[in-house]
file entry_9.cif (mmCIF, C-alpha atoms and all ligand atoms)
data_final
loop_
_atom_site.label_atom_id
_atom_site.label_comp_id
_atom_site.auth_asym_id
_atom_site.auth_seq_id
_atom_site.Cartn_x
_atom_site.Cartn_y
_atom_site.Cartn_z
CA MET A 92 -52.63 18.98 22.91
CA LYS A 93 -49.19 20.30 22.05
CA THR A 94 -50.85 23.65 22.56
CA GLN A 95 -50.30 23.21 26.32
CA ASN A 96 -46.79 24.40 25.52
CA LEU A 97 -47.96 27.87 24.52
CA GLN A 98 -45.21 30.33 25.36
CA PHE A 99 -45.40 33.90 26.59
CA ASP A 100 -45.19 35.40 23.07
CA ASP A 101 -47.87 33.04 21.71
CA ILE A 102 -50.19 33.99 24.55
CA CYS A 103 -49.70 37.72 23.92
CA ARG A 104 -50.44 37.23 20.24
CA LEU A 105 -53.63 35.28 20.99
CA LEU A 106 -54.78 37.91 23.49
CA GLU A 107 -54.32 40.63 20.87
CA ASP A 108 -56.02 38.75 18.04
CA ASP A 109 -59.29 40.50 17.20
CA SER A 110 -60.62 37.56 15.22
CA ALA A 111 -60.52 34.97 17.95
CA GLU A 112 -63.07 32.50 16.52
CA GLU A 113 -60.39 29.88 15.95
CA LEU A 114 -59.14 30.31 19.50
CA TYR A 115 -62.67 29.79 20.87
CA ALA A 116 -63.20 26.74 18.66
CA LEU A 117 -59.95 25.19 19.86
CA ALA A 118 -60.82 25.88 23.51
CA ASP A 119 -64.32 24.48 22.97
CA GLY A 120 -62.92 21.30 21.41
CA ILE A 121 -60.65 20.75 24.42
CA THR A 122 -63.51 21.46 26.85
CA ARG A 123 -65.65 18.86 25.08
CA GLU A 124 -62.86 16.29 25.34
CA THR A 125 -62.19 16.88 29.02
CA LYS A 126 -65.63 17.89 30.34
CA GLY A 127 -68.17 16.86 27.70
CA ASP A 128 -71.21 19.15 27.77
CA MET A 129 -71.26 19.21 31.56
CA VAL A 130 -71.39 22.49 33.46
CA ASN A 131 -70.84 22.37 37.22
CA VAL A 132 -73.16 24.70 39.07
CA ARG A 133 -71.83 25.92 42.42
CA ALA A 134 -73.81 27.63 45.16
CA ILE A 135 -72.11 30.65 46.67
CA ILE A 136 -72.92 31.82 50.19
CA GLU A 137 -71.62 35.33 50.80
CA PHE A 138 -71.26 35.03 54.54
CA SER A 139 -69.78 38.37 55.61
CA ASN A 140 -69.05 41.75 54.05
CA TYR A 141 -66.79 42.88 56.89
CA CYS A 142 -63.27 43.13 55.57
CA ASN A 143 -59.92 44.15 57.01
CA ARG A 144 -58.36 44.71 53.62
CA ASN A 145 -58.09 47.84 51.50
CA CYS A 146 -58.34 46.45 47.93
CA SER A 147 -58.96 49.61 45.96
CA TYR A 148 -61.24 47.95 43.36
CA CYS A 149 -63.56 46.25 45.85
CA GLY A 150 -66.73 47.73 47.33
CA LEU A 151 -66.17 45.77 50.57
CA ASN A 152 -62.81 47.43 51.28
CA CYS A 153 -62.47 48.68 54.86
CA HIS A 154 -62.45 52.36 53.85
CA ASN A 155 -65.95 52.19 52.35
CA THR A 156 -67.98 53.65 55.22
CA THR A 157 -71.16 53.95 53.12
CA LEU A 158 -71.75 50.20 53.12
CA GLY A 159 -73.99 48.60 55.76
CA ARG A 160 -72.06 45.64 57.13
CA TYR A 161 -73.45 42.19 57.97
CA ARG A 162 -72.17 38.82 59.01
CA MET A 163 -74.16 35.60 58.91
CA THR A 164 -74.07 33.41 62.00
CA PRO A 165 -72.44 29.99 61.67
CA GLU A 166 -75.91 28.46 62.05
CA GLU A 167 -77.27 30.57 59.17
CA ILE A 168 -74.34 29.56 56.98
CA ILE A 169 -74.84 25.86 57.79
CA ALA A 170 -78.61 26.07 57.18
CA THR A 171 -78.07 27.83 53.84
CA ALA A 172 -75.57 25.17 52.75
CA ILE A 173 -78.08 22.45 53.61
CA GLU A 174 -80.82 24.23 51.68
CA ALA A 175 -78.49 24.53 48.68
CA SER A 176 -77.63 20.83 48.89
CA ASP A 177 -81.32 19.95 49.00
CA ALA A 178 -81.91 22.14 45.92
CA GLY A 179 -79.41 19.96 44.00
CA TYR A 180 -76.08 21.74 44.45
CA LYS A 181 -73.05 19.48 44.92
CA THR A 182 -70.67 22.27 45.94
CA VAL A 183 -71.04 25.27 48.20
CA VAL A 184 -68.59 28.14 48.02
CA ILE A 185 -68.43 30.00 51.31
CA GLN A 186 -67.07 33.45 50.52
CA GLY A 187 -66.55 36.62 52.46
CA GLY A 188 -64.27 39.48 53.30
CA GLU A 189 -61.29 38.97 55.59
CA ASP A 190 -63.46 39.21 58.70
CA PRO A 191 -61.51 38.54 61.92
CA TRP A 192 -64.72 37.50 63.74
CA PHE A 193 -64.43 34.25 61.80
CA THR A 194 -61.56 32.47 63.50
CA THR A 195 -60.07 29.26 62.18
CA ASP A 196 -61.99 27.35 64.85
CA ILE A 197 -65.25 28.83 63.63
CA TYR A 198 -64.49 27.97 60.00
CA CYS A 199 -63.62 24.41 61.09
CA HIS A 200 -66.88 24.14 63.02
CA ILE A 201 -68.92 25.29 60.01
CA ILE A 202 -67.14 22.88 57.65
CA LYS A 203 -67.51 19.89 59.97
CA GLU A 204 -71.19 20.59 60.60
CA ILE A 205 -72.02 20.87 56.90
CA LYS A 206 -69.99 17.74 56.11
CA SER A 207 -71.72 15.78 58.89
CA LYS A 208 -75.13 16.69 57.51
CA ARG A 209 -74.71 16.55 53.73
CA ASP A 210 -72.38 14.91 51.21
CA ILE A 211 -71.34 18.13 49.51
CA ALA A 212 -68.01 19.63 48.44
CA ILE A 213 -66.99 22.76 50.31
CA THR A 214 -64.95 25.61 48.90
CA LEU A 215 -63.82 28.33 51.30
CA SER A 216 -62.93 31.76 49.91
CA ALA A 217 -61.97 33.97 52.82
CA GLY A 218 -58.67 35.50 51.86
CA GLU A 219 -55.11 35.10 53.03
CA MET A 220 -54.30 33.04 56.12
CA ARG A 221 -51.28 31.47 57.75
CA GLU A 222 -50.32 27.99 56.58
CA GLU A 223 -51.35 26.48 59.93
CA ASP A 224 -54.86 27.92 59.52
CA TYR A 225 -55.24 26.62 55.98
CA SER A 226 -53.97 23.26 57.22
CA ALA A 227 -56.54 23.11 60.05
CA ILE A 228 -59.33 23.99 57.64
CA ARG A 229 -58.20 21.29 55.24
CA LYS A 230 -58.15 18.75 58.10
CA ALA A 231 -61.68 19.80 59.06
CA GLY A 232 -62.78 18.56 55.64
CA CYS A 233 -62.64 21.61 53.39
CA ASP A 234 -62.11 20.38 49.83
CA ARG A 235 -61.24 23.51 47.91
CA TYR A 236 -60.00 27.04 48.46
CA LEU A 237 -60.60 29.99 46.18
CA LEU A 238 -58.14 32.86 46.37
CA LYS A 239 -57.87 34.86 43.20
CA HIS A 240 -54.36 36.24 42.96
CA GLU A 241 -55.85 39.34 41.23
CA THR A 242 -52.64 40.23 39.32
CA THR A 243 -49.10 38.90 39.22
CA ASP A 244 -47.67 42.35 38.49
CA GLU A 245 -45.82 43.52 41.58
CA ASN A 246 -46.32 47.25 40.96
CA ILE A 247 -49.99 47.02 40.05
CA TYR A 248 -50.57 44.77 43.05
CA LYS A 249 -48.88 47.29 45.39
CA LYS A 250 -50.94 50.18 44.08
CA LEU A 251 -54.21 48.27 44.43
CA HIS A 252 -53.35 46.83 47.86
CA PRO A 253 -51.30 49.42 49.78
CA GLY A 254 -49.15 47.71 52.41
CA TYR A 255 -49.55 44.23 50.92
CA ASN A 256 -47.27 42.13 48.82
CA VAL A 257 -48.03 40.09 45.69
CA GLU A 258 -45.53 37.37 46.65
CA ASP A 259 -47.47 36.63 49.85
CA ARG A 260 -50.66 36.18 47.84
CA LEU A 261 -49.07 33.98 45.19
CA ASN A 262 -47.46 31.93 47.91
CA CYS A 263 -50.82 31.27 49.57
CA LEU A 264 -51.90 29.48 46.39
CA ARG A 265 -48.76 27.34 46.38
CA VAL A 266 -49.33 26.47 50.06
CA LEU A 267 -52.99 25.60 49.43
CA LYS A 268 -51.97 23.32 46.59
CA ARG A 269 -49.34 21.61 48.75
CA LEU A 270 -51.90 21.06 51.53
CA GLY A 271 -54.07 19.12 49.09
CA PHE A 272 -56.81 21.64 48.43
CA GLU A 273 -58.29 21.89 44.98
CA THR A 274 -56.89 25.33 44.43
CA GLY A 275 -58.63 28.23 42.72
CA GLY A 276 -56.69 31.25 41.52
CA GLY A 277 -57.71 33.94 39.11
CA PHE A 278 -57.46 37.55 38.15
CA MET A 279 -59.31 40.55 36.83
CA ILE A 280 -59.21 41.85 33.27
CA GLY A 281 -59.01 45.61 32.82
CA LEU A 282 -57.23 46.76 35.97
CA PRO A 283 -55.57 50.17 35.57
CA GLU A 284 -52.08 49.87 34.03
CA GLN A 285 -52.61 46.22 33.14
CA THR A 286 -51.18 45.26 29.75
CA ILE A 287 -51.46 42.21 27.50
CA GLU A 288 -48.13 41.08 28.95
CA THR A 289 -49.54 41.27 32.49
CA ILE A 290 -52.41 38.98 31.48
CA ALA A 291 -50.02 36.55 29.78
CA ASN A 292 -48.05 36.36 33.04
CA ASP A 293 -51.27 35.82 35.02
CA LEU A 294 -52.15 32.87 32.77
CA LEU A 295 -48.67 31.37 33.04
CA PHE A 296 -48.81 31.74 36.82
CA ILE A 297 -52.09 29.77 36.92
CA GLN A 298 -50.38 27.07 34.88
CA SER A 299 -47.29 27.05 37.11
CA VAL A 300 -49.12 26.39 40.41
CA PRO A 301 -50.97 24.58 38.73
CA CYS A 302 -54.39 25.83 39.78
CA ASP A 303 -57.34 23.43 39.60
CA MET A 304 -59.68 26.35 38.99
CA ALA A 305 -59.30 29.89 37.70
CA GLY A 306 -61.80 32.72 37.95
CA ILE A 307 -61.11 35.23 35.19
CA GLY A 308 -63.50 38.16 35.20
CA PRO A 309 -63.69 41.74 33.96
CA PHE A 310 -63.07 44.54 36.46
CA ILE A 311 -66.19 46.61 37.16
CA PRO A 312 -65.70 50.03 38.80
CA HIS A 313 -67.48 50.55 42.10
CA PRO A 314 -68.59 54.16 42.85
CA GLU A 315 -67.45 54.08 46.49
CA THR A 316 -63.87 53.03 45.75
CA PRO A 317 -60.71 54.86 44.62
CA LEU A 318 -61.14 53.23 41.18
CA LYS A 319 -64.61 54.68 40.60
CA GLU A 320 -63.43 56.62 37.51
CA ALA A 321 -61.58 53.68 35.92
CA GLY A 322 -63.00 52.01 32.81
CA GLN A 323 -64.54 48.57 33.03
CA GLY A 324 -62.72 45.50 31.71
CA SER A 325 -63.29 44.16 28.19
CA THR A 326 -65.60 41.16 27.92
CA GLU A 327 -63.91 40.14 24.66
CA LEU A 328 -60.46 40.11 26.26
CA THR A 329 -61.91 38.17 29.18
CA ARG A 330 -63.23 35.51 26.82
CA ARG A 331 -59.87 35.24 25.09
CA ALA A 332 -58.09 34.82 28.43
CA VAL A 333 -60.54 32.07 29.47
CA ALA A 334 -59.99 30.25 26.16
CA ILE A 335 -56.20 30.42 26.57
CA ALA A 336 -56.48 29.11 30.14
CA ARG A 337 -58.38 26.10 28.77
CA ILE A 338 -55.61 25.45 26.25
CA LEU A 339 -52.85 25.80 28.85
CA LEU A 340 -54.67 23.54 31.35
CA PRO A 341 -57.11 21.18 29.57
CA ASN A 342 -58.59 19.84 32.82
CA ILE A 343 -58.92 23.06 34.77
CA ASN A 344 -62.31 24.27 36.02
CA LEU A 345 -63.17 27.63 34.49
CA PRO A 346 -66.22 29.57 35.60
CA ALA A 347 -68.15 31.92 33.39
CA THR A 348 -67.63 34.59 36.01
CA THR A 349 -70.40 36.55 37.67
CA SER A 350 -68.82 39.90 36.71
CA LEU A 351 -68.93 38.90 33.04
CA GLY A 352 -72.65 38.19 33.40
CA VAL A 353 -73.20 41.50 35.18
CA ILE A 354 -71.76 43.39 32.20
CA ASP A 355 -73.44 41.29 29.52
CA LYS A 356 -75.39 38.03 29.92
CA ASP A 357 -74.83 37.08 26.26
CA GLU A 358 -71.08 37.44 26.65
CA ARG A 359 -71.30 35.26 29.77
CA ASN A 360 -73.22 32.61 27.88
CA LYS A 361 -70.81 32.68 24.92
CA VAL A 362 -67.91 31.73 27.16
CA PHE A 363 -69.53 28.30 27.62
CA SER A 364 -68.59 27.63 24.02
CA GLY A 365 -65.08 28.99 24.52
CA GLY A 366 -63.62 27.10 27.47
CA ALA A 367 -65.84 27.67 30.52
CA ASN A 368 -67.43 24.73 32.39
CA VAL A 369 -68.54 26.18 35.73
CA ILE A 370 -71.11 28.72 36.89
CA MET A 371 -71.64 30.11 40.37
CA LYS A 372 -75.07 31.02 41.65
CA LYS A 373 -75.73 33.15 44.70
CA VAL A 374 -77.71 31.45 47.46
CA THR A 375 -77.02 34.18 50.01
CA PRO A 376 -80.19 34.98 51.99
CA GLU A 377 -82.15 37.80 50.37
CA LYS A 378 -81.69 40.28 53.23
CA TYR A 379 -77.89 40.23 52.76
CA ARG A 380 -77.59 39.97 49.00
CA GLU A 381 -77.50 43.67 48.16
CA LEU A 382 -74.94 44.29 50.87
CA TYR A 383 -72.34 41.95 49.36
CA GLU A 384 -71.50 44.63 46.86
CA ILE A 385 -68.04 43.88 45.52
CA TYR A 386 -69.21 45.76 42.43
CA PRO A 387 -72.68 47.14 41.64
CA VAL A 388 -75.17 44.42 40.66
CA ASN A 389 -78.83 44.61 39.75
CA HIS A 390 -80.25 41.60 41.62
CA GLY A 391 -83.71 41.67 40.08
CA LYS A 392 -86.39 39.71 41.86
CA ILE A 393 -84.87 37.27 44.34
CA LYS A 394 -86.59 33.87 44.55
CA SER A 395 -86.04 30.74 46.61
CA ILE A 396 -82.79 28.80 46.30
CA ALA A 397 -84.63 25.91 44.61
CA GLU A 398 -86.41 28.19 42.10
CA GLU A 399 -83.21 30.01 41.21
CA ARG A 400 -81.44 26.70 40.75
CA ALA A 401 -84.18 25.58 38.36
CA GLU A 402 -83.66 28.79 36.36
CA ILE A 403 -79.94 28.09 36.01
CA ASN A 404 -80.70 24.57 34.78
CA GLU A 405 -83.08 26.03 32.20
CA LEU A 406 -80.47 28.52 31.04
CA LEU A 407 -77.92 25.74 30.61
CA ALA A 408 -80.42 23.58 28.73
CA SER A 409 -81.15 26.52 26.40
CA ILE A 410 -77.48 26.68 25.37
CA GLY A 411 -77.21 22.93 24.88
CA LYS A 412 -75.44 22.09 28.13
CA GLU A 413 -75.96 19.50 30.83
CA TRP A 414 -75.49 20.32 34.50
CA ASP A 415 -74.35 18.81 37.75
N1 LIG A 501 -61.89 38.11 50.53
C1 LIG A 501 -61.89 37.04 49.55
C2 LIG A 501 -62.97 37.21 48.53
C3 LIG A 501 -62.73 38.42 47.66
S1 LIG A 501 -64.09 38.97 46.71
C4 LIG A 501 -60.51 36.94 48.95
O1 LIG A 501 -59.66 37.71 49.29
O2 LIG A 501 -60.31 36.05 48.15
C5 LIG A 501 -64.02 37.85 45.36
C6 LIG A 501 -63.36 38.37 44.09
O3 LIG A 501 -64.11 39.40 43.49
C7 LIG A 501 -62.00 38.98 44.24
O4 LIG A 501 -61.03 38.00 44.37
C8 LIG A 501 -61.85 39.81 42.97
O5 LIG A 501 -61.19 39.09 41.94
C9 LIG A 501 -63.29 40.06 42.56
N2 LIG A 501 -63.58 41.51 42.57
C10 LIG A 501 -63.50 42.36 43.61
N3 LIG A 501 -63.82 43.62 43.24
C11 LIG A 501 -64.11 43.56 41.93
C12 LIG A 501 -64.51 44.52 40.95
N4 LIG A 501 -64.66 45.81 41.26
N5 LIG A 501 -64.73 44.09 39.68
C13 LIG A 501 -64.59 42.79 39.36
N6 LIG A 501 -64.21 41.85 40.23
C14 LIG A 501 -63.97 42.21 41.50
#

call {"tool": "encode", "arguments": {"input": "entry_9.cif", "output": "C-alpha cells", "more": "lines below"}}
Ligand code: SAH
result
Amino acid sequence: MKTQNLQFDDICRLLEDDSAEELYALADGITRETKGDMVNVRAIIEFSNYCNRNCSYCGLNCHNTTLGRYRMTPEEIIATAIEASDAGYKTVVIQGGEDPWFTTDIYCHIIKEIKSKRDIAITLSAGEMREEDYSAIRKAGCDRYLLKHETTDENIYKKLHPGYNVEDRLNCLRVLKRLGFETGGGFMIGLPEQTIETIANDLLFIQSVPCDMAGIGPFIPHPETPLKEAGQGSTELTRRAVAIARILLPNINLPATTSLGVIDKDERNKVFSGGANVIMKKVTPEKYRELYEIYPVNHGKIKSIAEERAEINELLASIGKEWD
C-alpha cells in the first residue's frame, strides 16, 4: 500500500506506459482487498437538459439551439426514484444541467420526499451552487454530490468554459466534502491541449480533496458543439487513469464510466478488472432519454427499469462480479 505515495513523476510514467498489464493487476488486487468482487450499480435519473452553462464539450450547453429541451416534474423524478428502488437499486443519482427552474427548495423537496418513501442513498449532480445551497440540500438528506471538476488546468478550463473559473469549481468539491457529502469529482480524458501532466494533476487533485468517488471518462465529440472536430479520448489512457486512481485512493468508488461504454463495451468491461467498482445505469423515462445528449449515444431498445436492471446484473455475473 506504499503505492499510495505515488508522486507526480511516477504517475506520468505510469500513464505513458504502453504495457500497463502490471498496473491493472496491481489496481485489481487493491480493488479486491477493499471491495471484494462487489460492483455497486447506481440508477441515474437525468431530470433536465436545460442548462445555463456554456461548456464547449457538452451537447446540453446553452448555445446548442438544435436540442429539444425537457425538464421532469418533481413528481416524475420522485416516482422514477421509487421505481428504481423497487427494481433493486440502492442509490439514485439525480443529474441535470444547471437549470434555474430547480431552486434549492425544490431540490430539498424532492430529496425529502424520496427519503420519506424509500431507504435509498441520493446523489445530486446539478452543478455549481453557493455553499448555503449545498448545505440546505445536505440537511434535507442528500447523501452524495457528484461534480466532476473536468480539468484542473486553468487555461484549458478557461477555454472550455468561457467566463468561468477552475478555482471556483475545485472549491465546490472542497466545500461539499466539508459539509459531509460523499463527494464525487472526476475529469475527462482527451480534452484538447490536455497532456499527461494535466491528467497527473487531475489525479493528485482527486487525492487531495480527497474525493470519495471519481468519474474518469473519455471525451466524446458532440456534433453540435464547438469541439465537434476534436478527436475522442483514448480508452486505454482512461483505463490507466482509473487504475492509478485506485492505487492513490484504495477505498475510492470508481465507476466504469458511461462514455467508456459508449466508445467500446469491451473496454468498459475490462476496467472492472483494473480498478473500477461502480456502474451507472440510466433509468430516465424513455421519452426523455434521447434528449439528454451530453454526447451522442445509441440507446438501442429501451425496456423497463426492472428489465434493464436485470440485464446489468447478468452482465456483471458474466464477468465474475457480484452486485449491490
Ligand atoms: N451539470 C452537471 C452535470 C454535467 S453532465 C454538472 O455540472 O456536474 C455530466 C458529465 O458528463 C460532465 O461532468 C462531464 O464530465 C461529462 N461530459 C460532458 N460532455 C461530455 C463529452 N462530450 N464527452 C464525455 N463526457 C462528457

call {"tool": "residues_around", "arguments": {"input": "entry_9.cif", "residues": "Lys372 of chain A", "least_positions_apart": "2", "cutoff": "7 Å", "atoms": "only C-alpha atoms", "output": "NGL selection string"}}
result
:A and (133-135 or 370 or 374)

call {"tool": "closest_residue", "arguments": {"input": "entry_9.cif", "among": "A:Glu245, A:Glu137, A:Asp100, A:Asp259", "to": "Arg221 of chain A", "atoms": "all atoms listed in the file"}}
result
A:Asp259

call {"tool": "closest_residue", "arguments": {"input": "entry_9.cif", "among": "A:Ile213, A:Ile396, A:Ile185, A:Ile202", "to": "ligand LIG 501 (chain A)", "atoms": "only C-alpha atoms and all ligand atoms"}}
result
A:Ile185

call {"tool": "residues_near_ligand", "arguments": {"input": "entry_9.cif", "ligand": "ligand LIG 501 (chain A)", "cutoff": "6 Å", "atoms": "all atoms listed in the file", "output": "JSON, numbers by chain"}}
result
{"A": [148, 149, 186, 187, 188, 189, 216, 217, 218, 238, 239, 241, 278, 279, 309, 310, 311, 312, 313, 350, 385, 386]}

call {"tool": "residues_around", "arguments": {"input": "entry_9.cif", "residues": "Tyr115 of chain A", "least_positions_apart": "5", "cutoff": "9 Å", "atoms": "only C-alpha atoms", "output": "PDB file with C-alpha atoms, keeping the file's coordinate frame"}}
result
ATOM      1  CA  GLY A 120     -62.920  21.300  21.410  1.00  0.00           C
ATOM      2  CA  ARG A 330     -63.230  35.510  26.820  1.00  0.00           C
ATOM      3  CA  ARG A 331     -59.870  35.240  25.090  1.00  0.00           C
ATOM      4  CA  ALA A 334     -59.990  30.250  26.160  1.00  0.00           C
ATOM      5  CA  ILE A 335     -56.200  30.420  26.570  1.00  0.00           C
ATOM      6  CA  VAL A 362     -67.910  31.730  27.160  1.00  0.00           C
ATOM      7  CA  SER A 364     -68.590  27.630  24.020  1.00  0.00           C
ATOM      8  CA  GLY A 365     -65.080  28.990  24.520  1.00  0.00           C
ATOM      9  CA  GLY A 366     -63.620  27.100  27.470  1.00  0.00           C
TER      10      GLY A 366
END

call {"tool": "decode", "arguments": {"input": "entry_9.cif", "residues": "segment 157-167 of chain A", "atoms": "all heavy atoms", "output": "PDB file, in the first residue's frame"}}
result
ATOM      1  N   THR A 157     -30.234  23.411 -31.335  1.00  0.00           N
ATOM      2  CA  THR A 157     -30.852  22.309 -32.084  1.00  0.00           C
ATOM      3  C   THR A 157     -31.494  21.282 -31.152  1.00  0.00           C
ATOM      4  O   THR A 157     -32.239  20.419 -31.599  1.00  0.00           O
ATOM      5  CB  THR A 157     -29.807  21.565 -32.954  1.00  0.00           C
ATOM      6  OG1 THR A 157     -28.861  20.928 -32.090  1.00  0.00           O
ATOM      7  CG2 THR A 157     -29.070  22.522 -33.877  1.00  0.00           C
ATOM      8  N   LEU A 158     -31.194  21.373 -29.872  1.00  0.00           N
ATOM      9  CA  LEU A 158     -31.650  20.348 -28.927  1.00  0.00           C
ATOM     10  C   LEU A 158     -33.042  20.692 -28.374  1.00  0.00           C
ATOM     11  O   LEU A 158     -33.261  21.813 -27.917  1.00  0.00           O
ATOM     12  CB  LEU A 158     -30.638  20.265 -27.765  1.00  0.00           C
ATOM     13  CG  LEU A 158     -30.908  19.242 -26.672  1.00  0.00           C
ATOM     14  CD1 LEU A 158     -30.787  17.820 -27.219  1.00  0.00           C
ATOM     15  CD2 LEU A 158     -29.926  19.429 -25.517  1.00  0.00           C
ATOM     16  N   GLY A 159     -33.971  19.743 -28.428  1.00  0.00           N
ATOM     17  CA  GLY A 159     -35.263  19.932 -27.778  1.00  0.00           C
ATOM     18  C   GLY A 159     -35.077  19.824 -26.262  1.00  0.00           C
ATOM     19  O   GLY A 159     -34.433  18.892 -25.796  1.00  0.00           O
ATOM     20  N   ARG A 160     -35.571  20.790 -25.544  1.00  0.00           N
ATOM     21  CA  ARG A 160     -35.299  20.800 -24.085  1.00  0.00           C
ATOM     22  C   ARG A 160     -36.475  20.195 -23.328  1.00  0.00           C
ATOM     23  O   ARG A 160     -37.633  20.315 -23.728  1.00  0.00           O
ATOM     24  CB  ARG A 160     -35.036  22.226 -23.602  1.00  0.00           C
ATOM     25  CG  ARG A 160     -33.885  22.935 -24.317  1.00  0.00           C
ATOM     26  CD  ARG A 160     -32.515  22.522 -23.778  1.00  0.00           C
ATOM     27  NE  ARG A 160     -31.441  23.058 -24.626  1.00  0.00           N
ATOM     28  CZ  ARG A 160     -30.149  23.050 -24.294  1.00  0.00           C
ATOM     29  NH1 ARG A 160     -29.753  22.540 -23.142  1.00  0.00           N
ATOM     30  NH2 ARG A 160     -29.245  23.523 -25.124  1.00  0.00           N
ATOM     31  N   TYR A 161     -36.182  19.557 -22.191  1.00  0.00           N
ATOM     32  CA  TYR A 161     -37.219  18.986 -21.329  1.00  0.00           C
ATOM     33  C   TYR A 161     -36.809  19.168 -19.874  1.00  0.00           C
ATOM     34  O   TYR A 161     -35.622  19.317 -19.560  1.00  0.00           O
ATOM     35  CB  TYR A 161     -37.397  17.476 -21.607  1.00  0.00           C
ATOM     36  CG  TYR A 161     -36.271  16.638 -21.040  1.00  0.00           C
ATOM     37  CD1 TYR A 161     -36.348  16.082 -19.752  1.00  0.00           C
ATOM     38  CD2 TYR A 161     -35.100  16.438 -21.762  1.00  0.00           C
ATOM     39  CE1 TYR A 161     -35.295  15.350 -19.225  1.00  0.00           C
ATOM     40  CE2 TYR A 161     -34.051  15.705 -21.239  1.00  0.00           C
ATOM     41  CZ  TYR A 161     -34.145  15.169 -19.967  1.00  0.00           C
ATOM     42  OH  TYR A 161     -33.113  14.453 -19.441  1.00  0.00           O
ATOM     43  N   ARG A 162     -37.793  19.177 -19.020  1.00  0.00           N
ATOM     44  CA  ARG A 162     -37.495  19.049 -17.589  1.00  0.00           C
ATOM     45  C   ARG A 162     -38.566  18.162 -16.978  1.00  0.00           C
ATOM     46  O   ARG A 162     -39.746  18.277 -17.302  1.00  0.00           O
ATOM     47  CB  ARG A 162     -37.352  20.415 -16.920  1.00  0.00           C
ATOM     48  CG  ARG A 162     -38.552  21.192 -16.569  1.00  0.00           C
ATOM     49  CD  ARG A 162     -38.236  22.432 -15.697  1.00  0.00           C
ATOM     50  NE  ARG A 162     -37.176  23.305 -16.161  1.00  0.00           N
ATOM     51  CZ  ARG A 162     -37.357  24.402 -16.910  1.00  0.00           C
ATOM     52  NH1 ARG A 162     -38.547  24.784 -17.312  1.00  0.00           N
ATOM     53  NH2 ARG A 162     -36.318  25.140 -17.250  1.00  0.00           N
ATOM     54  N   MET A 163     -38.134  17.221 -16.163  1.00  0.00           N
ATOM     55  CA  MET A 163     -39.095  16.359 -15.473  1.00  0.00           C
ATOM     56  C   MET A 163     -39.715  17.156 -14.330  1.00  0.00           C
ATOM     57  O   MET A 163     -39.087  18.047 -13.755  1.00  0.00           O
ATOM     58  CB  MET A 163     -38.392  15.105 -14.911  1.00  0.00           C
ATOM     59  CG  MET A 163     -37.930  14.137 -16.002  1.00  0.00           C
ATOM     60  SD  MET A 163     -36.858  12.791 -15.389  1.00  0.00           S
ATOM     61  CE  MET A 163     -38.028  11.835 -14.413  1.00  0.00           C
ATOM     62  N   THR A 164     -40.960  16.829 -13.970  1.00  0.00           N
ATOM     63  CA  THR A 164     -41.549  17.476 -12.803  1.00  0.00           C
ATOM     64  C   THR A 164     -40.988  16.798 -11.543  1.00  0.00           C
ATOM     65  O   THR A 164     -40.539  15.650 -11.600  1.00  0.00           O
ATOM     66  CB  THR A 164     -43.076  17.307 -12.788  1.00  0.00           C
ATOM     67  OG1 THR A 164     -43.367  15.901 -12.655  1.00  0.00           O
ATOM     68  CG2 THR A 164     -43.719  17.840 -14.064  1.00  0.00           C
ATOM     69  N   PRO A 165     -41.030  17.497 -10.414  1.00  0.00           N
ATOM     70  CA  PRO A 165     -40.580  16.854  -9.176  1.00  0.00           C
ATOM     71  C   PRO A 165     -41.297  15.524  -8.939  1.00  0.00           C
ATOM     72  O   PRO A 165     -40.663  14.543  -8.529  1.00  0.00           O
ATOM     73  CB  PRO A 165     -40.916  17.891  -8.102  1.00  0.00           C
ATOM     74  CG  PRO A 165     -40.778  19.202  -8.830  1.00  0.00           C
ATOM     75  CD  PRO A 165     -41.305  18.933 -10.216  1.00  0.00           C
ATOM     76  N   GLU A 166     -42.597  15.483  -9.249  1.00  0.00           N
ATOM     77  CA  GLU A 166     -43.351  14.234  -9.039  1.00  0.00           C
ATOM     78  C   GLU A 166     -42.819  13.106  -9.921  1.00  0.00           C
ATOM     79  O   GLU A 166     -42.727  11.960  -9.470  1.00  0.00           O
ATOM     80  CB  GLU A 166     -44.847  14.458  -9.307  1.00  0.00           C
ATOM     81  CG  GLU A 166     -45.548  15.319  -8.264  1.00  0.00           C
ATOM     82  CD  GLU A 166     -45.038  16.769  -8.221  1.00  0.00           C
ATOM     83  OE1 GLU A 166     -44.704  17.337  -9.304  1.00  0.00           O
ATOM     84  OE2 GLU A 166     -44.939  17.324  -7.108  1.00  0.00           O
ATOM     85  N   GLU A 167     -42.479  13.436 -11.173  1.00  0.00           N
ATOM     86  CA  GLU A 167     -41.911  12.407 -12.067  1.00  0.00           C
ATOM     87  C   GLU A 167     -40.565  11.903 -11.536  1.00  0.00           C
ATOM     88  O   GLU A 167     -40.258  10.707 -11.616  1.00  0.00           O
ATOM     89  CB  GLU A 167     -41.648  12.998 -13.466  1.00  0.00           C
ATOM     90  CG  GLU A 167     -42.825  13.019 -14.411  1.00  0.00           C
ATOM     91  CD  GLU A 167     -42.406  13.629 -15.756  1.00  0.00           C
ATOM     92  OE1 GLU A 167     -41.968  14.809 -15.782  1.00  0.00           O
ATOM     93  OE2 GLU A 167     -42.513  12.936 -16.769  1.00  0.00           O
TER      94      GLU A 167
END
